[in-house]
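As stored in start30.txt (compact mmCIF, C-alpha atoms (C1' of nucleotides)):
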```
# COMPACT_ATOMS: atom_id res chain seq x y z
CA MET O 1 114.28 154.52 129.41
CA LYS O 2 113.86 158.19 130.04
CA ILE O 3 111.69 160.29 127.75
CA SER O 4 114.58 162.75 127.41
CA GLN O 5 116.44 160.13 125.41
CA LYS O 6 113.68 159.96 122.81
CA GLU O 7 115.76 161.26 119.93
CA GLU O 8 118.73 158.94 120.43
CA PHE O 9 116.40 156.04 121.00
CA ASN O 10 114.53 156.61 117.76
CA LYS O 11 117.74 156.98 115.82
CA ALA O 12 119.04 153.64 117.10
CA LEU O 13 115.69 151.95 116.58
CA LEU O 14 115.06 153.20 113.06
CA THR O 15 118.63 152.64 111.89
CA TRP O 16 118.38 149.05 113.02
CA TYR O 17 114.96 148.66 111.41
CA HIS O 18 116.03 149.96 108.02
CA GLN O 19 119.01 147.65 108.08
CA GLU O 20 117.45 144.46 109.39
CA LYS O 21 113.77 144.54 108.48
CA ARG O 22 112.41 141.46 106.79
CA ASP O 23 111.30 141.76 103.18
CA LEU O 24 107.56 141.18 103.54
CA PRO O 25 104.99 141.49 100.74
CA TRP O 26 103.02 144.22 102.50
CA ARG O 27 106.18 146.25 103.00
CA ARG O 28 106.43 146.66 99.23
CA THR O 29 103.26 148.74 99.05
CA SER O 30 101.69 151.74 100.70
CA ASP O 31 98.23 151.07 99.31
CA PRO O 32 96.02 151.50 102.39
CA TYR O 33 93.73 148.66 101.29
CA TYR O 34 96.64 146.21 101.09
CA ILE O 35 97.95 147.38 104.45
CA TRP O 36 94.48 146.86 105.86
CA VAL O 37 94.28 143.32 104.49
CA SER O 38 97.70 142.47 105.88
CA GLU O 39 96.91 143.88 109.31
CA VAL O 40 93.69 141.92 109.58
CA MET O 41 95.45 138.72 108.58
CA LEU O 42 98.19 139.39 111.09
CA GLN O 43 95.74 139.63 113.98
CA GLN O 44 96.66 136.70 116.22
CA THR O 45 98.47 135.07 113.31
CA ARG O 46 102.16 134.65 112.55
CA VAL O 47 103.94 136.31 109.66
CA ASP O 48 105.08 133.06 108.03
CA THR O 49 101.54 131.75 108.07
CA VAL O 50 100.09 134.93 106.60
CA ILE O 51 102.42 135.43 103.62
CA PRO O 52 100.90 132.88 101.19
CA TYR O 53 97.37 133.84 102.19
CA TYR O 54 98.12 137.51 101.64
CA GLU O 55 99.59 136.92 98.18
CA LYS O 56 96.64 134.86 97.04
CA PHE O 57 94.07 137.19 98.58
CA ILE O 58 95.26 140.37 96.90
CA ALA O 59 95.75 138.51 93.63
CA SER O 60 92.09 137.46 93.76
CA PHE O 61 90.74 140.71 95.21
CA PRO O 62 93.16 143.39 93.98
CA THR O 63 90.80 146.30 94.65
CA MET O 64 88.29 147.20 97.32
CA GLU O 65 85.57 147.11 94.65
CA SER O 66 86.46 143.54 93.71
CA LEU O 67 86.27 142.44 97.34
CA ALA O 68 83.04 144.34 97.93
CA GLU O 69 81.39 142.57 95.00
CA ALA O 70 82.67 139.07 95.75
CA GLU O 71 80.53 136.23 97.11
CA GLU O 72 81.16 135.77 100.83
CA GLU O 73 81.62 132.04 100.38
CA HIS O 74 84.31 132.65 97.75
CA VAL O 75 86.06 135.14 100.03
CA LEU O 76 85.86 132.72 102.94
CA LYS O 77 87.53 130.05 100.84
CA HIS O 78 90.62 132.30 100.65
CA TRP O 79 90.69 132.43 104.46
CA GLU O 80 90.26 128.69 105.00
CA GLY O 81 92.86 127.49 107.50
CA LEU O 82 93.69 130.97 108.84
CA GLY O 83 91.16 130.84 111.67
CA TYR O 84 89.09 133.58 113.29
CA TYR O 85 86.80 133.65 110.28
CA SER O 86 84.81 136.63 111.50
CA ARG O 87 87.88 138.67 110.61
CA VAL O 88 87.33 138.27 106.88
CA ARG O 89 83.59 138.77 107.11
CA ASN O 90 84.20 142.00 108.99
CA LEU O 91 86.90 143.01 106.51
CA GLN O 92 84.53 142.60 103.61
CA ALA O 93 81.82 144.49 105.49
CA GLY O 94 84.27 147.30 106.23
CA VAL O 95 85.42 147.45 102.63
CA LYS O 96 81.81 147.64 101.48
CA GLU O 97 81.33 150.63 103.80
CA VAL O 98 84.37 152.37 102.34
CA VAL O 99 83.29 151.69 98.75
CA GLY O 100 79.71 152.75 99.44
CA ASN O 101 80.12 155.66 101.83
CA TYR O 102 83.64 157.02 101.36
CA GLU O 103 84.13 156.90 97.58
CA SER O 104 86.55 154.00 98.05
CA LYS O 105 88.94 156.15 100.10
CA ILE O 106 89.86 154.79 103.51
CA PRO O 107 89.39 157.60 106.09
CA ARG O 108 92.49 159.30 107.49
CA THR O 109 91.36 159.99 111.04
CA ARG O 110 91.20 157.58 113.97
CA ALA O 111 87.61 158.52 114.79
CA GLU O 112 86.34 157.79 111.28
CA ILE O 113 88.38 154.69 110.56
CA LEU O 114 87.35 153.19 113.91
CA ASN O 115 83.74 153.16 112.73
CA LEU O 116 84.61 150.62 110.05
CA ARG O 117 83.70 147.02 110.72
CA GLY O 118 86.69 144.96 111.85
CA ILE O 119 88.91 147.94 112.61
CA GLY O 120 89.69 148.29 116.31
CA PRO O 121 92.21 150.45 118.15
CA TYR O 122 95.22 148.48 116.93
CA THR O 123 94.34 148.19 113.25
CA ALA O 124 93.24 151.84 113.17
CA GLY O 125 96.66 152.96 114.34
CA ALA O 126 98.48 150.52 112.09
CA VAL O 127 96.71 151.60 108.90
CA LEU O 128 96.90 155.31 109.73
CA SER O 129 100.61 155.21 110.51
CA ILE O 130 101.82 152.73 107.91
CA ALA O 131 99.68 153.79 104.96
CA TYR O 132 99.26 157.51 105.69
CA GLY O 133 102.21 158.38 107.93
CA VAL O 134 99.94 159.66 110.69
CA PRO O 135 101.59 159.57 114.15
CA GLU O 136 99.16 157.21 115.88
CA HIS O 137 99.76 154.40 118.36
CA ALA O 138 99.21 150.78 117.28
CA VAL O 139 99.47 148.78 120.49
CA ASP O 140 99.31 145.01 120.38
CA GLY O 141 100.74 142.27 122.57
CA ASN O 142 104.11 142.75 120.93
CA VAL O 143 104.30 146.45 121.67
CA MET O 144 103.19 145.89 125.26
CA ARG O 145 105.96 143.37 125.80
CA VAL O 146 108.64 145.65 124.32
CA PHE O 147 107.47 148.76 126.15
CA SER O 148 106.95 146.99 129.45
CA ARG O 149 110.66 146.20 129.37
CA LEU O 150 111.94 149.49 127.96
CA PHE O 151 110.09 151.47 130.63
CA MET O 152 109.76 148.87 133.39
CA ILE O 153 105.98 149.04 133.27
CA GLU O 154 104.82 146.40 135.72
CA GLU O 155 101.08 146.74 135.33
CA ASP O 156 99.16 143.61 134.37
CA ILE O 157 98.79 143.51 130.60
CA ALA O 158 95.90 141.04 130.96
CA LEU O 159 93.78 143.94 132.22
CA PRO O 160 92.09 145.89 129.41
CA LYS O 161 92.67 149.24 131.13
CA THR O 162 96.42 148.69 131.07
CA LYS O 163 96.52 149.17 127.32
CA LYS O 164 95.84 152.88 127.78
CA VAL O 165 99.11 153.21 129.67
CA PHE O 166 101.00 151.80 126.72
CA GLU O 167 99.11 153.84 124.14
CA GLN O 168 100.00 157.02 126.01
CA ARG O 169 103.63 155.97 126.26
CA VAL O 170 103.82 155.27 122.54
CA MET O 171 102.44 158.72 121.80
CA ASP O 172 105.15 160.19 124.05
CA VAL O 173 107.96 158.41 122.24
CA ILE O 174 106.79 157.96 118.65
CA ASP O 175 109.01 159.41 115.94
CA GLU O 176 106.89 162.10 114.26
CA THR O 177 109.05 162.15 111.16
CA ASP O 178 108.42 158.47 110.38
CA PRO O 179 105.57 156.96 112.41
CA SER O 180 105.23 154.11 109.92
CA SER O 181 108.77 152.87 110.46
CA PHE O 182 108.53 153.51 114.20
CA ASN O 183 105.48 151.33 114.73
CA GLN O 184 106.77 148.62 112.45
CA ALA O 185 110.18 148.73 114.10
CA ILE O 186 108.72 148.15 117.55
CA MET O 187 106.72 145.22 116.23
CA GLU O 188 109.73 143.85 114.37
CA LEU O 189 111.73 144.10 117.57
CA GLY O 190 109.03 142.27 119.48
CA ALA O 191 108.81 139.56 116.83
CA THR O 192 112.52 138.91 116.38
CA ILE O 193 114.47 140.05 119.45
CA CYS O 194 112.32 141.26 122.33
CA THR O 195 110.48 137.93 122.27
CA PRO O 196 109.00 136.24 125.36
CA ASN O 197 112.50 134.87 125.91
CA PRO O 198 114.42 137.97 124.88
CA ARG O 199 117.72 137.95 123.01
CA CYS O 200 119.02 141.13 124.57
CA LEU O 201 122.57 140.75 123.27
CA LEU O 202 121.26 141.39 119.76
CA CYS O 203 119.05 144.30 120.76
CA PRO O 204 119.74 147.65 119.08
CA VAL O 205 118.18 149.60 121.96
CA ARG O 206 119.29 147.67 125.01
CA ASP O 207 121.21 150.73 126.23
CA PHE O 208 117.83 152.42 126.60
CA CYS O 209 116.10 149.48 128.28
CA THR O 210 115.38 149.84 131.99
CA ALA O 211 114.50 146.16 132.42
CA PHE O 212 117.79 145.09 130.85
CA GLU O 213 119.67 147.52 133.03
CA GLU O 214 118.11 145.92 136.10
CA GLY O 215 118.26 142.35 134.80
CA LYS O 216 114.45 142.08 134.94
CA GLN O 217 113.72 141.48 131.26
CA GLU O 218 112.60 137.91 131.92
CA GLU O 219 110.05 139.03 134.51
CA LEU O 220 108.20 141.27 132.07
CA PRO O 221 105.55 141.73 130.94
CA VAL O 222 103.37 140.91 133.93
CA LYS O 223 100.39 138.86 132.81
CA THR O 224 98.05 137.15 135.23
CA LYS O 225 95.10 135.65 133.41
CA LYS O 226 94.86 132.01 132.61
CA LEU O 227 92.05 130.56 130.59
CA LYS O 228 90.05 127.54 131.54
CA LYS O 229 89.72 124.76 129.03
CA LYS O 230 86.80 122.71 127.89
CA VAL O 231 86.78 119.18 126.53
CA MET O 232 84.04 117.81 124.31
CA THR O 233 83.48 114.45 122.65
CA ILE O 234 82.10 114.80 119.12
CA HIS O 235 80.66 112.00 117.03
CA SER O 236 80.67 112.72 113.28
CA PHE O 237 78.63 110.71 110.78
CA ALA O 238 79.87 110.27 107.23
CA ILE O 239 76.67 109.34 105.45
CA SER O 240 76.94 108.64 101.73
CA GLU O 241 74.49 108.15 98.91
CA PRO O 242 74.88 105.41 96.32
CA GLY O 243 76.04 108.12 93.88
CA GLY O 244 78.96 108.80 96.20
CA LYS O 245 77.64 112.06 97.56
CA TRP O 246 78.07 113.04 101.19
CA LEU O 247 75.35 114.35 103.44
CA LEU O 248 76.48 117.57 105.09
CA ARG O 249 74.93 120.27 107.17
CA LYS O 250 75.65 123.96 107.44
CA ARG O 251 76.70 125.11 110.89
CA PRO O 252 74.74 127.96 112.46
CA ALA O 253 75.80 131.40 111.25
CA GLN O 254 76.62 132.47 114.80
CA GLY O 255 79.40 130.99 116.88
CA LEU O 256 82.29 128.66 116.20
CA LEU O 257 83.00 128.03 112.49
CA GLY O 258 79.83 129.87 111.49
CA ASP O 259 78.30 128.80 108.14
CA PHE O 260 80.94 126.12 107.62
CA TRP O 261 79.80 122.79 106.16
CA GLU O 262 80.45 119.57 108.04
CA PHE O 263 79.27 116.01 108.52
CA PRO O 264 76.24 115.74 110.80
CA GLN O 265 77.66 115.58 114.27
CA ILE O 266 76.61 115.49 117.87
CA GLU O 267 78.20 116.41 121.12
CA CYS O 268 78.19 113.02 122.76
CA ASN O 269 77.30 111.77 126.15
CA PRO O 270 79.38 108.57 126.52
CA SER O 271 76.52 106.62 128.04
CA MET O 272 74.18 107.19 125.13
CA ASP O 273 74.01 105.12 121.96
CA SER O 274 75.29 107.37 119.20
CA ALA O 275 72.64 106.47 116.63
CA ASP O 276 69.91 107.30 119.12
CA ALA O 277 71.68 110.50 120.05
CA LEU O 278 71.93 111.48 116.38
CA LYS O 279 68.24 110.81 115.86
CA SER O 280 67.13 112.83 118.84
CA ALA O 281 69.45 115.72 117.96
CA THR O 282 68.92 115.89 114.19
CA GLY O 283 66.07 113.57 113.19
CA LEU O 284 68.37 111.53 110.97
CA VAL O 285 67.84 107.77 111.13
CA ILE O 286 70.82 105.56 110.32
CA GLU O 287 71.89 101.95 110.46
CA GLN O 288 74.57 101.45 113.09
CA GLY O 289 77.74 103.14 111.88
CA GLU O 290 81.20 101.70 111.56
CA ALA O 291 84.04 103.64 113.19
CA PHE O 292 86.65 104.84 110.68
CA ALA O 293 88.51 107.65 112.41
CA GLN O 294 89.39 108.87 115.86
CA PHE O 295 91.47 111.90 116.67
CA LYS O 296 91.79 114.96 118.83
CA HIS O 297 91.50 118.53 117.63
CA ILE O 298 92.42 121.51 119.75
CA PHE O 299 90.93 124.93 119.24
CA SER O 300 92.23 127.74 121.39
CA HIS O 301 90.33 126.74 124.51
CA VAL O 302 88.25 123.76 123.41
CA THR O 303 89.49 120.24 122.84
CA TRP O 304 87.38 118.05 120.60
CA HIS O 305 87.67 114.31 120.79
CA VAL O 306 86.34 113.41 117.36
CA GLU O 307 85.04 109.98 116.47
CA GLY O 308 83.99 109.39 112.88
CA TYR O 309 81.42 106.82 111.86
CA HIS O 310 80.65 105.61 108.36
CA ALA O 311 76.91 105.10 108.38
CA VAL O 312 74.06 104.29 106.02
CA LEU O 313 70.92 106.37 105.95
CA LYS O 314 67.64 104.49 106.38
CA ASP O 315 65.31 104.90 103.40
CA SER O 316 62.64 106.16 105.73
CA SER O 317 64.86 108.84 107.26
CA PRO O 318 63.87 112.47 106.79
CA ILE O 319 66.43 114.98 105.49
CA PRO O 320 66.11 117.86 107.92
CA GLU O 321 66.20 121.52 106.98
CA GLY O 322 69.74 122.76 106.35
CA TYR O 323 71.11 119.41 105.20
CA ARG O 324 72.13 118.57 101.61
CA PHE O 325 74.21 116.17 99.59
CA PHE O 326 77.59 117.16 98.15
CA SER O 327 79.75 115.52 95.52
CA ASP O 328 83.50 115.62 96.07
CA GLU O 329 83.78 118.43 93.51
CA GLU O 330 81.07 120.52 95.17
CA LEU O 331 82.73 119.96 98.50
CA GLU O 332 85.87 121.73 97.34
CA LEU O 333 83.97 124.95 96.77
CA VAL O 334 82.69 125.44 100.30
CA PRO O 335 84.60 126.32 103.47
CA GLN O 336 85.32 123.52 105.88
CA SER O 337 87.12 123.22 109.19
CA LYS O 338 90.27 121.25 109.99
CA PRO O 339 88.38 118.42 111.73
CA MET O 340 86.16 118.10 108.64
CA SER O 341 89.24 117.98 106.38
CA LYS O 342 90.79 115.32 108.58
CA LEU O 343 87.67 113.16 108.41
CA LEU O 344 87.59 113.41 104.63
CA MET O 345 91.26 112.49 104.50
CA HIS O 346 90.59 109.37 106.57
CA LEU O 347 87.77 108.42 104.23
CA LYS O 348 89.98 108.86 101.17
CA ASN O 349 92.64 106.60 102.67
CA ASN O 350 90.19 103.74 103.21
C1' DA R 351 85.66 143.18 132.35
C1' DA R 352 85.02 138.64 130.58
C1' DC R 353 84.43 135.83 126.89
C1' DA R 354 84.22 133.84 122.08
C1' DC R 355 86.78 133.13 118.23
C1' DG R 356 91.34 129.00 114.89
C1' DG R 357 95.41 127.60 114.06
C1' DG R 358 100.32 126.96 114.21
C1' DG R 359 104.90 127.22 116.35
C1' DG R 360 108.14 126.78 120.08
C1' DA R 361 109.75 125.36 124.62
C1' DT V 362 101.30 120.10 127.48
C1' DC V 363 101.13 124.95 127.76
C1' DC V 364 101.81 129.49 126.20
C1' DC V 365 102.10 132.90 122.77
C1' DC V 366 100.97 135.37 118.73
C1' DA V 367 100.71 142.30 114.21
C1' DG V 368 92.88 141.85 118.07
C1' DT V 369 87.87 142.65 117.49
C1' DG V 370 83.03 142.19 118.60
C1' DT V 371 79.58 140.96 121.90
C1' DT V 372 77.56 140.79 126.28
```
Structure encoded using structure tokens:
Amino acid sequence: MKISQKEEFNKALLTWYHQEKRDLPWRRTSDPYYIWVSEVMLQQTRVDTVIPYYEKFIASFPTMESLAEAEEEHVLKHWEGLGYYSRVRNLQAGVKEVVGNYESKIPRTRAEILNLRGIGPYTAGAVLSIAYGVPEHAVDGNVMRVFSRLFMIEEDIALPKTKKVFEQRVMDVIDETDPSSFNQAIMELGATICTPNPRCLLCPVRDFCTAFEEGKQEELPVKTKKLKKKVMTIHSFAISEPGGKWLLRKRPAQGLLGDFWEFPQIECNPSMDSADALKSATGLVIEQGEAFAQFKHIFSHVTWHVEGYHAVLKDSSPIPEGYRFFSDEELELVPQSKPMSKLLMHLKNN
DNA sequence: AACACGGGGGA
DNA sequence: TCCCCAGTGTT
């Protein structure tokens, strides 16, 4: 596309958007806080997945004050299953900053809003444009895919520096009369039509698309990086008390699934006896456990082979720091990961 | 610049 | 299985 066609392009794009846009909960509001919540949830997460979480979250935390005052564990419970849990911790931290330092008004400039926890270049532009109508770029993977095709940009989008090229291009083309619709329209296009396997015959702006003109839409965007994968074998120990309570431990605050509760577990060396390994890693002393579950769980780049053992604690065993017993009811109040949920499900079925 | 961080959907 | 997805924070 040529920049000189900007006006016709925007007319075609926005007309299509107003006609075809999906009716999404966060499109029924212009409350900056709600836009913020939706944008954070949408980071690396699909629309269909987000919708029920969004509805429940704003019902429970309808104002920034209510979120700022809430217990983190309670907030986390609303995020359970969404993944990337640091997002919601950062969101709450950011909201606390706004309530405490900005009289509960989300700043209207990129420089200020970028200082808030959890708001990066993308979310800054999204909130500014969608909630306040400020002409700012909001470049994500979607936008890079769409623009790489529209303008035949062949630079590697896996390289961080490449994003600047796209941000500049958005600022060249953005519709100043309706930046909110413009940014959302590009994302809508990327989500529904200009997908990895594009459906160009349905595209409202294919007449402006250089890649389509040259038949290169399938070759773009250029992306080089591939991530290496790790595999780990995890042994989990379901240890119960006579009263029916489970012994759990809290994961370290830092790292994967921080502060989540789970059965005591060890990363296992196949050659080692698992009870010995548990003792040396945690101090817990058990009778030999009985296997009750075996499954695989894939995180983005880590595959866990999980083996669950039902075990009995020796009377003489110490209860190390950070471990405590939970009843089934108590268990429902604390955040837990998918593998933990699966283990509990196996136990219930036995 | 590279990496950590979840989970689900589609090919 | 592999890749992708409305990214951000840390190192």
- Given a cut-off of 7 Å, which residues of chain O touch chain R, counting all atoms listed in the file, written out as a list in words? Leu82, Gly83, Tyr84, Leu256, Phe299 and Ser300 of chain O
- Near chain O, which residues of chain V fall within 9 Å when you count all atoms listed in the file, and what do they look like as number ranges by chain? V: 365-370
Export C-alpha atoms (C1' of nucleotides) of the chosen residues as a short mmCIF file (atom, residue, chain, number, x, y, z; two decimals), in the frame of the given file?
```
data_model
loop_
_atom_site.label_atom_id
_atom_site.label_comp_id
_atom_site.auth_asym_id
_atom_site.auth_seq_id
_atom_site.Cartn_x
_atom_site.Cartn_y
_atom_site.Cartn_z
"C1'" DC V 365 102.10 132.90 122.77
"C1'" DC V 366 100.97 135.37 118.73
"C1'" DA V 367 100.71 142.30 114.21
"C1'" DG V 368 92.88 141.85 118.07
"C1'" DT V 369 87.87 142.65 117.49
"C1'" DG V 370 83.03 142.19 118.60
#
```
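The spacing separating CA of Ala277 in chain O from CA of Gln265 in chain O amounts to 9.7 Å.
Note that CA of Ala70 in chain O and CA of Asp328 in chain O are 23.5 Å apart.
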- All residues 8 Å or closer to range 55-68 of chain O, only C-alpha atoms (C1' of nucleotides), same chain fewer than 6 positions away omitted, as a list in words: Pro25, Tyr33, Tyr34, Val75, His78, Gln92, Ala93, Val95, Lys96, Val99 and Ser104 of chain O
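Take CA of Ile3 in chain O and CA of Ile174 in chain O: the distance between them is 10.6 Å.
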- List the neighbours of Val306 in chain O out to 8 Å using all atoms listed in the file; skip same-chain residues closer than 5 positions along the sequence, and give me the result as an MDAnalysis selection string. chainID O and resid 233:236 293:297 339
